[in-house]
Amino acid sequence: MFLKNAWYCGGWQTDLSLAKDALLTRKIADEFIVFYRKADGNVVALEDRCCHRQAPLSLGRKEGDNLRCMYHGWKFDSTGLCVEIPGQQEVRNKACVRSFPVVVKNDWIWVWMGDPAIADESLICDSVGPSHPEWDLRTKQVRVNTNYRLEIANLTDLSHVAWVHANSFGGTTAYVDIRPKHTLGERGLHTEFWLRNVPAPEFARHLFPPEARFDFHFDVNVTVPCNFILSFKVFTSSSASEGASEGELILNTFSSQAVTPRDEDEVDYYYSWGATKHSTVPGLVELLIEANEVAFLEDKRMLEGQYERIKHKSDVNPQHYAHDLGPVKMLRLLDTLLAKEQDDEQKNCQE
Amino acid sequence: MFLKNAWYCGGWQTDLSLAKDALLTRKIADEFIVFYRKADGNVVALEDRCCHRQAPLSLGRKEGDNLRCMYHGWKFDSTGLCVEIPGQQEVRNKACVRSFPVVVKNDWIWVWMGDPAIADESLICDSVGPSHPEWDLRTKQVRVNTNYRLEIANLTDLSHVAWVHANSFGGTTAYVDIRPKHTLGERGLHTEFWLRNVPAPEFARHLFPPEARFDFHFDVNVTVPCNFILSFKVFTSSSASEGASEGELILNTFSSQAVTPRDEDEVDYYYSWGATKHSTVPGLVELLIEANEVAFLEDKRMLEGQYERIKHKSDVNPQHYAHDLGPVKMLRLLDTLLAKEQDDEQKNCQE
Amino acid sequence: MFLKNAWYCGGWQTDLSLAKDALLTRKIADEFIVFYRKADGNVVALEDRCCHRQAPLSLGRKEGDNLRCMYHGWKFDSTGLCVEIPGQQEVRNKACVRSFPVVVKNDWIWVWMGDPAIADESLICDSVGPSHPEWDLRTKQVRVNTNYRLEIANLTDLSHVAWVHANSFGGTTAYVDIRPKHTLGERGLHTEFWLRNVPAPEFARHLFPPEARFDFHFDVNVTVPCNFILSFKVFTSSSASEGASEGELILNTFSSQAVTPRDEDEVDYYYSWGATKHSTVPGLVELLIEANEVAFLEDKRMLEGQYERIKHKSDVNPQHYAHDLGPVKMLRLLDTLLAKEQDDEQKNCQE
């Protein structure tokens, strides 16, 4: 099940610029969608399915701000209205394809899958895009064969860094002892915690003396459906045992991660990672990017193995433990929003 | 659903000559069939499934006019009767595999999937085979992941040439304005139309001066299940606005296309294309063949995308328009024949 | 359906030694299982599914005799009991994964899929392992897309050698006339027969004069679920028409074949083949091994084609014949054991 009244990420702007024939096709929350850009730069999202015979519009042809289906030539404007049917004069009113509200924000393309009348831009998560002048951010994409709820569970319990990423981002079991401060919002979960006096992550350890210790600060906003916005700061270690570190900020990193469900069984994962420009440790940003690629494959392997087992036996009762707090809070919020949306739909039907 | 009392194409004769161990296996209308040739040259079609343990007879061994299953050695004659069971003296009467009437016509192998008693050769579509001495025809094969009804719809509305094949066979939107003359028969649809004063198709445009214009004549016979026999003639353009062109016939082409459903989700597409020998424009036949390969992949891509969307949402009501006339007529005919066949079966059961 | 109270082969010991991170994952009788070795050399088998969130333990880390899930760090001892949950003090009692009795015998790893209380080592089939000092045996593995019942039918009717393996192990239709002596036991079928005065098998024919003839002796033990233990002896041909050959034993071969169902649609096939060391015919063992690889692919191709057809039409009534005696006996025994197991389970539930 997917929230309809929510913004889903369709990828990076550059994905659209690089798309074949300037048409980008995606499956999002079990809908086929085609994106293209109008002359004014605005992005259009239409159902990727012609209303005539269901051919993919993404195999079509952009003609000005319109999109022509290249099976039988029906032409649609950017609102999805059919404006030409080759071989006949009239175009019936009901000939149209569904269009979706689209916003580009922080270099991400966002599409609203529900009622356009209540599409609210302010619900799009705040982030820092890869084109931001003060940040050196790189983007990647990965597809994972899992349900997006399992990605939510992954991203709201960062104790997994100690294990899944032991050889990349991890390198300390201090993650195990964190007690993150979780604050539930209307559409997401804010999580904050410190790791103090820990060694450098495994991937960067060789850059520092063996005895070097650091304070890490994590500030995470996870919002529905499954977006993960992370500020990760590294300080030289200090004696502070609560509150801000008294150490020197030596690395200020930022990661935007949008996990878009294609359907119940697959997600498209669009992420960026990087640091402020002129980072104090030369080469660290490059290392960070490389470590990321490894780390996302570590997650992919674990989550796909997990999902294979869950599909194989769906009736297993999982055990719980302390670090499930984040996943439980966030998934419960998602369930509440899903239930509310269904209630609202039912009421609308009865009216 | 498939018509049973109909001839289905099993491929070109040469496919059988080239088959491993001289045994050609096909899936046709959801049945596994093995073809082989007897000493007298006649082709045999048996169910590709031994009656002992359902092993593929196509992994068997031709022994004279018989076929031996190479799992346990049961031997069948060309009528499907079991004539030897190794290790025992008697062969019980009911040991047999189903055999199918087969006819080779115009170099195509045809198999009758229904009641052999009413297999009527005259129902096989008329065509010109690639071995015909007056024609220079080449053959190809392509598999498409779609239901054969969508292939029928594709082949009975050639306005799609303007769009799907814009960069190969098309090159003019004049296809949009044609009003083909459709004549419904008992087992198919005959379609005829002219395009007048149009440029050369995209793939051959460089052979002529830019201002060159032509008259095109299309004559198409589509028959159940999904066979498409095309005469396509090119004349120098004339002033005729109806009836035959007064121009000179410069290219006389012929295409045979048999689209055989493997099952509900896949078709095997056997086609030829070419022109009369000594065509007036040297090299045009070769170009035609090459353009064909491109065009069939253009169709494949479009139809597979379409089928993916149709399977994804089967309850979408398609919009209709003028050029649907051919598809509607032909699919309605198919449905009538299917319904009649089911009625007849039910009556036979009650008797 | 699978017998639970039975030993299933998880592969060769060396598979475990060579496994990544010393963790071997298998699917056996529709369960995911991870194997690893303790410091004392004993092999552990746990369900390959963490009780926390169903992540694969086979992506975990061996820590001494324990296994840590590398998703969130839960640690299990070799009995499957959870002994550490990172981030919390207490480990609840019910946190555990299923463990399975394991025995290594004749270099094969065996796992008991049913009630550990009644795991009886004496039920493991007798064999000769590839590390046996008097035998020169080589091991291989192949995966076949079929149901294991069809493998049972394959292995209990060796008349198929005449046909499936006509170009490798066969080379005589004498197999057709054998009347094997089948003796049904509690958990399997013992089969014995002679072939007399036959040419060398196809793969070894060039090693002997054309007129050379041999006596073959087959002694086979097939046990549930699907293990095939073969002694195959070659003698120079003699005049004996019953009882032991009076010829000279020139090749004494042994083959162990364990066919482990992964699920209803796939088997993992672990086999060895070879001969006594110092075989009288130099090079024959090497030839035997090579012929085997061919022969197992011959079977794979036939059984996969057969299974494709059986899945396609499950309601076909197979014909029977004399050589079905072995398959019928063995499959009936399997069915009896399956029914008994289900009865026992039901009784246990009612108590």
# chains A, B, ... in the order shown; residues from 1 in each chain; ligands from 1
call {"tool": "closest_atom_pairs", "arguments": {"of": "chain C", "to": "chain B", "cutoff": "6 Å", "atoms": "only C-alpha atoms", "output": "JSON lines"}}
result
{"residue": "C:His160", "atom": "CA", "partner": "B:His72", "partner_atom": "CA", "distance": 5.1}
{"residue": "C:Trp163", "atom": "CA", "partner": "B:Met70", "partner_atom": "CA", "distance": 4.8}
{"residue": "C:Val164", "atom": "CA", "partner": "B:Tyr71", "partner_atom": "CA", "distance": 5.3}
{"residue": "C:Val176", "atom": "CA", "partner": "B:Gly87", "partner_atom": "CA", "distance": 5.0}
{"residue": "C:Asp177", "atom": "CA", "partner": "B:Gly87", "partner_atom": "CA", "distance": 5.3}
{"residue": "C:Gly305", "atom": "CA", "partner": "B:Pro56", "partner_atom": "CA", "distance": 5.8}
{"residue": "C:Gln306", "atom": "CA", "partner": "B:Ala55", "partner_atom": "CA", "distance": 4.2}
{"residue": "C:Pro318", "atom": "CA", "partner": "B:His52", "partner_atom": "CA", "distance": 5.2}
{"residue": "C:Gln319", "atom": "CA", "partner": "B:His52", "partner_atom": "CA", "distance": 4.5}
call {"tool": "residues_around", "arguments": {"residues": "segment 101-106 of chain A", "least_positions_apart": "3", "cutoff": "6 Å", "atoms": "only C-alpha atoms", "output": "list in words"}}
result
Ile109, Trp110, Val111, Trp112, Val128 and Gly129 of chain A
call {"tool": "select_by_dssp", "arguments": {"residues": "segment 88-326 of chain A", "states": "strand (DSSP E or B)", "output": "PyMOL selection string"}}
result
chain A and resi 96+99-100+102-105+108-112+135-144+181-184+188-198+214-223+227-236+249-263+266-276
call {"tool": "residues_around", "arguments": {"residues": "Leu251 of chain A", "least_positions_apart": "3", "cutoff": "12 Å", "atoms": "only C-alpha atoms", "output": "list in words"}}
result
Trp135, Ala200, Ala204, Phe214, Asp215, Phe216, His217, Ser231, Phe232, Lys233, Val234, Phe235, Thr236, Gly247, Glu248, Phe254, Gly274, Ala275, Thr276, Lys277, His278, Ser279, Thr280, Val281, Pro282, Gly283, Leu284, Val285 and Leu288 of chain A
call {"tool": "residues_around", "arguments": {"residues": "Ala6 of chain B", "least_positions_apart": "4", "cutoff": "9 Å", "atoms": "only C-alpha atoms", "output": "PyMOL selection string"}}
result
chain B and resi 111-114+119-120+123-124+224-225
call {"tool": "write_last_selection", "arguments": {"atoms": "all heavy atoms", "output": "short mmCIF file (atom, residue, chain, number, x, y, z; two decimals), in the first residue's frame"}}
result
data_model
loop_
_atom_site.label_atom_id
_atom_site.label_comp_id
_atom_site.auth_asym_id
_atom_site.auth_seq_id
_atom_site.Cartn_x
_atom_site.Cartn_y
_atom_site.Cartn_z
N VAL B 111 -0.19 -25.91 -39.23
CA VAL B 111 -0.71 -26.99 -38.40
C VAL B 111 -2.13 -26.64 -37.95
O VAL B 111 -2.43 -25.49 -37.63
CB VAL B 111 0.24 -27.27 -37.20
CG1 VAL B 111 0.43 -26.03 -36.33
CG2 VAL B 111 -0.24 -28.43 -36.35
N TRP B 112 -2.99 -27.64 -38.00
CA TRP B 112 -4.41 -27.47 -37.64
C TRP B 112 -4.58 -27.90 -36.19
O TRP B 112 -4.33 -29.06 -35.85
CB TRP B 112 -5.26 -28.34 -38.56
CG TRP B 112 -6.74 -28.32 -38.33
CD1 TRP B 112 -7.47 -29.22 -37.60
CD2 TRP B 112 -7.68 -27.37 -38.84
NE1 TRP B 112 -8.80 -28.90 -37.64
CE2 TRP B 112 -8.97 -27.76 -38.39
CE3 TRP B 112 -7.58 -26.23 -39.64
CZ2 TRP B 112 -10.13 -27.06 -38.71
CZ3 TRP B 112 -8.74 -25.53 -39.97
CH2 TRP B 112 -10.00 -25.94 -39.50
N MET B 113 -5.01 -26.98 -35.35
CA MET B 113 -5.02 -27.26 -33.91
C MET B 113 -6.33 -27.88 -33.42
O MET B 113 -6.45 -28.18 -32.23
CB MET B 113 -4.73 -25.97 -33.13
CG MET B 113 -3.39 -25.33 -33.46
SD MET B 113 -1.97 -26.43 -33.13
CE MET B 113 -2.08 -26.55 -31.34
N GLY B 114 -7.28 -28.03 -34.31
CA GLY B 114 -8.59 -28.52 -33.87
C GLY B 114 -8.88 -29.93 -34.33
O GLY B 114 -7.99 -30.78 -34.45
N ALA B 119 -10.26 -30.47 -40.85
CA ALA B 119 -9.12 -29.66 -41.31
C ALA B 119 -9.28 -29.39 -42.81
O ALA B 119 -9.31 -30.32 -43.61
CB ALA B 119 -7.81 -30.39 -41.02
N ASP B 120 -9.37 -28.16 -43.16
CA ASP B 120 -9.70 -27.79 -44.53
C ASP B 120 -8.57 -26.93 -45.09
O ASP B 120 -8.40 -25.77 -44.73
CB ASP B 120 -11.02 -27.00 -44.49
CG ASP B 120 -11.43 -26.51 -45.87
OD1 ASP B 120 -10.66 -26.71 -46.84
OD2 ASP B 120 -12.51 -25.91 -45.96
N LEU B 123 -8.61 -23.28 -46.20
CA LEU B 123 -8.64 -22.15 -45.25
C LEU B 123 -7.27 -21.52 -45.02
O LEU B 123 -7.16 -20.49 -44.37
CB LEU B 123 -9.23 -22.60 -43.91
CG LEU B 123 -10.68 -23.10 -43.93
CD1 LEU B 123 -11.13 -23.53 -42.53
CD2 LEU B 123 -11.62 -22.01 -44.47
N ILE B 124 -6.22 -22.18 -45.53
CA ILE B 124 -4.89 -21.60 -45.36
C ILE B 124 -4.77 -20.36 -46.24
O ILE B 124 -5.18 -20.37 -47.40
CB ILE B 124 -3.79 -22.62 -45.74
CG1 ILE B 124 -3.90 -23.86 -44.85
CG2 ILE B 124 -2.40 -21.99 -45.61
CD1 ILE B 124 -2.93 -24.96 -45.21
N VAL B 224 -7.60 -15.19 -39.68
CA VAL B 224 -7.38 -15.79 -38.36
C VAL B 224 -6.36 -16.91 -38.47
O VAL B 224 -6.28 -17.56 -39.50
CB VAL B 224 -8.71 -16.35 -37.79
CG1 VAL B 224 -9.65 -15.21 -37.45
CG2 VAL B 224 -9.34 -17.37 -38.72
N PRO B 225 -5.59 -17.16 -37.39
CA PRO B 225 -5.57 -16.40 -36.16
C PRO B 225 -4.96 -15.01 -36.34
O PRO B 225 -5.54 -14.04 -35.86
CB PRO B 225 -4.73 -17.25 -35.21
CG PRO B 225 -3.84 -18.05 -36.11
CD PRO B 225 -4.64 -18.30 -37.34
#
call {"tool": "atom_distance", "arguments": {"atom1": "atom CA of Leu287 of chain C", "atom2": "atom CA of Asp299 of chain C"}}
result
18.3 Å
call {"tool": "atom_distance", "arguments": {"atom1": "atom CA of Val144 of chain C", "atom2": "atom CA of Val267 of chain C"}}
result
5.4 Å
call {"tool": "residues_around", "arguments": {"residues": "Arg143 of chain A", "least_positions_apart": "4", "cutoff": "8 Å", "atoms": "only C-alpha atoms", "output": "list in words"}}
result
Glu266, Val267, Asp268 and Tyr269 of chain A
call {"tool": "closest_residue", "arguments": {"among": "C:Tyr148, C:Phe228, C:Phe203, C:Phe100", "to": "Arg262 of chain C", "atoms": "only C-alpha atoms"}}
result
C:Tyr148
call {"tool": "residues_around", "arguments": {"residues": "Asn221 of chain A", "least_positions_apart": "5", "cutoff": "7 Å", "atoms": "only C-alpha atoms", "output": "list in words"}}
result
Leu189, His190, Thr191, Phe228, Ile229 and Leu230 of chain A
call {"tool": "select_by_dssp", "arguments": {"residues": "segment 124-334 of chain A", "states": "helix (DSSP H, G or I)", "output": "PyMOL selection string"}}
result
chain A and resi 148-155+158-164+173-177+202-207+284-312+322-334
call {"tool": "atom_distance", "arguments": {"atom1": "atom CA of Pro201 of chain B", "atom2": "atom CA of Asn292 of chain B"}}
result
11.9 Å
call {"tool": "residues_around", "arguments": {"residues": "segment 36-45 of chain B", "least_positions_apart": "5", "cutoff": "6 Å", "atoms": "only C-alpha atoms", "output": "PyMOL selection string"}}
result
chain B and resi 23+65+99-100
call {"tool": "decode", "arguments": {"residues": "segment 301-327 of chain A", "atoms": "N, CA, C and O atoms", "output": "PDB file, in the first residue's frame"}}
result
ATOM      1  N   ARG A 301      22.328  -5.888  -0.537  1.00  0.00           N
ATOM      2  CA  ARG A 301      22.482  -7.325  -0.369  1.00  0.00           C
ATOM      3  C   ARG A 301      21.712  -7.817   0.857  1.00  0.00           C
ATOM      4  O   ARG A 301      21.019  -8.838   0.810  1.00  0.00           O
ATOM      5  N   MET A 302      21.815  -7.067   1.945  1.00  0.00           N
ATOM      6  CA  MET A 302      21.135  -7.462   3.180  1.00  0.00           C
ATOM      7  C   MET A 302      19.619  -7.371   3.010  1.00  0.00           C
ATOM      8  O   MET A 302      18.886  -8.294   3.378  1.00  0.00           O
ATOM      9  N   LEU A 303      19.151  -6.275   2.434  1.00  0.00           N
ATOM     10  CA  LEU A 303      17.699  -6.078   2.343  1.00  0.00           C
ATOM     11  C   LEU A 303      17.063  -7.026   1.328  1.00  0.00           C
ATOM     12  O   LEU A 303      15.924  -7.460   1.521  1.00  0.00           O
ATOM     13  N   GLU A 304      17.791  -7.351   0.283  1.00  0.00           N
ATOM     14  CA  GLU A 304      17.229  -8.299  -0.683  1.00  0.00           C
ATOM     15  C   GLU A 304      17.167  -9.711  -0.097  1.00  0.00           C
ATOM     16  O   GLU A 304      16.197 -10.440  -0.313  1.00  0.00           O
ATOM     17  N   GLY A 305      18.198 -10.086   0.666  1.00  0.00           N
ATOM     18  CA  GLY A 305      18.170 -11.380   1.343  1.00  0.00           C
ATOM     19  C   GLY A 305      17.026 -11.432   2.350  1.00  0.00           C
ATOM     20  O   GLY A 305      16.307 -12.434   2.471  1.00  0.00           O
ATOM     21  N   GLN A 306      16.870 -10.342   3.073  1.00  0.00           N
ATOM     22  CA  GLN A 306      15.790 -10.252   4.057  1.00  0.00           C
ATOM     23  C   GLN A 306      14.420 -10.368   3.376  1.00  0.00           C
ATOM     24  O   GLN A 306      13.553 -11.123   3.815  1.00  0.00           O
ATOM     25  N   TYR A 307      14.260  -9.645   2.278  1.00  0.00           N
ATOM     26  CA  TYR A 307      12.952  -9.636   1.608  1.00  0.00           C
ATOM     27  C   TYR A 307      12.630 -11.004   1.001  1.00  0.00           C
ATOM     28  O   TYR A 307      11.487 -11.455   1.023  1.00  0.00           O
ATOM     29  N   GLU A 308      13.649 -11.659   0.480  1.00  0.00           N
ATOM     30  CA  GLU A 308      13.452 -13.019  -0.045  1.00  0.00           C
ATOM     31  C   GLU A 308      12.883 -13.921   1.059  1.00  0.00           C
ATOM     32  O   GLU A 308      11.958 -14.709   0.823  1.00  0.00           O
ATOM     33  N   ARG A 309      13.436 -13.789   2.267  1.00  0.00           N
ATOM     34  CA  ARG A 309      12.969 -14.621   3.373  1.00  0.00           C
ATOM     35  C   ARG A 309      11.576 -14.228   3.849  1.00  0.00           C
ATOM     36  O   ARG A 309      10.760 -15.072   4.214  1.00  0.00           O
ATOM     37  N   ILE A 310      11.301 -12.939   3.833  1.00  0.00           N
ATOM     38  CA  ILE A 310       9.979 -12.481   4.279  1.00  0.00           C
ATOM     39  C   ILE A 310       8.902 -12.939   3.293  1.00  0.00           C
ATOM     40  O   ILE A 310       7.822 -13.367   3.686  1.00  0.00           O
ATOM     41  N   LYS A 311       9.205 -12.869   2.015  1.00  0.00           N
ATOM     42  CA  LYS A 311       8.226 -13.332   1.026  1.00  0.00           C
ATOM     43  C   LYS A 311       8.031 -14.844   1.124  1.00  0.00           C
ATOM     44  O   LYS A 311       6.962 -15.364   0.863  1.00  0.00           O
ATOM     45  N   HIS A 312       9.105 -15.531   1.481  1.00  0.00           N
ATOM     46  CA  HIS A 312       9.068 -16.985   1.570  1.00  0.00           C
ATOM     47  C   HIS A 312       8.189 -17.450   2.732  1.00  0.00           C
ATOM     48  O   HIS A 312       7.427 -18.412   2.610  1.00  0.00           O
ATOM     49  N   LYS A 313       8.286 -16.757   3.859  1.00  0.00           N
ATOM     50  CA  LYS A 313       7.441 -17.072   5.024  1.00  0.00           C
ATOM     51  C   LYS A 313       6.922 -15.761   5.567  1.00  0.00           C
ATOM     52  O   LYS A 313       7.621 -15.070   6.311  1.00  0.00           O
ATOM     53  N   SER A 314       5.701 -15.448   5.219  1.00  0.00           N
ATOM     54  CA  SER A 314       5.181 -14.131   5.590  1.00  0.00           C
ATOM     55  C   SER A 314       4.590 -14.137   6.991  1.00  0.00           C
ATOM     56  O   SER A 314       4.292 -13.085   7.546  1.00  0.00           O
ATOM     57  N   ASP A 315       4.450 -15.298   7.592  1.00  0.00           N
ATOM     58  CA  ASP A 315       3.740 -15.361   8.879  1.00  0.00           C
ATOM     59  C   ASP A 315       4.675 -15.435  10.075  1.00  0.00           C
ATOM     60  O   ASP A 315       4.246 -15.731  11.183  1.00  0.00           O
ATOM     61  N   VAL A 316       5.950 -15.173   9.867  1.00  0.00           N
ATOM     62  CA  VAL A 316       6.899 -15.229  10.977  1.00  0.00           C
ATOM     63  C   VAL A 316       6.713 -13.991  11.869  1.00  0.00           C
ATOM     64  O   VAL A 316       6.643 -12.875  11.376  1.00  0.00           O
ATOM     65  N   ASN A 317       6.617 -14.203  13.163  1.00  0.00           N
ATOM     66  CA  ASN A 317       6.539 -13.075  14.090  1.00  0.00           C
ATOM     67  C   ASN A 317       7.938 -12.598  14.428  1.00  0.00           C
ATOM     68  O   ASN A 317       8.707 -13.344  15.025  1.00  0.00           O
ATOM     69  N   PRO A 318       8.276 -11.384  14.055  1.00  0.00           N
ATOM     70  CA  PRO A 318       9.628 -10.919  14.358  1.00  0.00           C
ATOM     71  C   PRO A 318       9.773 -10.622  15.852  1.00  0.00           C
ATOM     72  O   PRO A 318       8.812 -10.295  16.541  1.00  0.00           O
ATOM     73  N   GLN A 319      10.988 -10.783  16.345  1.00  0.00           N
ATOM     74  CA  GLN A 319      11.345 -10.375  17.701  1.00  0.00           C
ATOM     75  C   GLN A 319      11.635  -8.878  17.695  1.00  0.00           C
ATOM     76  O   GLN A 319      12.029  -8.337  16.678  1.00  0.00           O
ATOM     77  N   HIS A 320      11.472  -8.228  18.822  1.00  0.00           N
ATOM     78  CA  HIS A 320      11.766  -6.804  18.897  1.00  0.00           C
ATOM     79  C   HIS A 320      12.905  -6.515  19.878  1.00  0.00           C
ATOM     80  O   HIS A 320      13.227  -7.347  20.713  1.00  0.00           O
ATOM     81  N   TYR A 321      13.480  -5.320  19.744  1.00  0.00           N
ATOM     82  CA  TYR A 321      14.499  -4.904  20.713  1.00  0.00           C
ATOM     83  C   TYR A 321      14.593  -3.381  20.720  1.00  0.00           C
ATOM     84  O   TYR A 321      13.872  -2.700  19.974  1.00  0.00           O
ATOM     85  N   ALA A 322      15.501  -2.901  21.574  1.00  0.00           N
ATOM     86  CA  ALA A 322      15.562  -1.470  21.867  1.00  0.00           C
ATOM     87  C   ALA A 322      15.657  -0.601  20.612  1.00  0.00           C
ATOM     88  O   ALA A 322      14.957   0.403  20.482  1.00  0.00           O
ATOM     89  N   HIS A 323      16.512  -0.977  19.669  1.00  0.00           N
ATOM     90  CA  HIS A 323      16.738  -0.115  18.514  1.00  0.00           C
ATOM     91  C   HIS A 323      15.591  -0.136  17.505  1.00  0.00           C
ATOM     92  O   HIS A 323      15.641   0.558  16.502  1.00  0.00           O
ATOM     93  N   ASP A 324      14.590  -0.939  17.759  1.00  0.00           N
ATOM     94  CA  ASP A 324      13.415  -0.917  16.865  1.00  0.00           C
ATOM     95  C   ASP A 324      12.571   0.328  17.063  1.00  0.00           C
ATOM     96  O   ASP A 324      11.601   0.536  16.323  1.00  0.00           O
ATOM     97  N   LEU A 325      12.912   1.144  18.045  1.00  0.00           N
ATOM     98  CA  LEU A 325      12.070   2.280  18.383  1.00  0.00           C
ATOM     99  C   LEU A 325      11.820   3.194  17.180  1.00  0.00           C
ATOM    100  O   LEU A 325      10.682   3.575  16.890  1.00  0.00           O
ATOM    101  N   GLY A 326      12.900   3.518  16.481  1.00  0.00           N
ATOM    102  CA  GLY A 326      12.752   4.378  15.295  1.00  0.00           C
ATOM    103  C   GLY A 326      11.852   3.737  14.253  1.00  0.00           C
ATOM    104  O   GLY A 326      10.860   4.343  13.829  1.00  0.00           O
ATOM    105  N   PRO A 327      12.180   2.518  13.786  1.00  0.00           N
ATOM    106  CA  PRO A 327      11.310   1.846  12.818  1.00  0.00           C
ATOM    107  C   PRO A 327       9.855   1.759  13.270  1.00  0.00           C
ATOM    108  O   PRO A 327       8.949   2.020  12.484  1.00  0.00           O
TER     109      PRO A 327
END
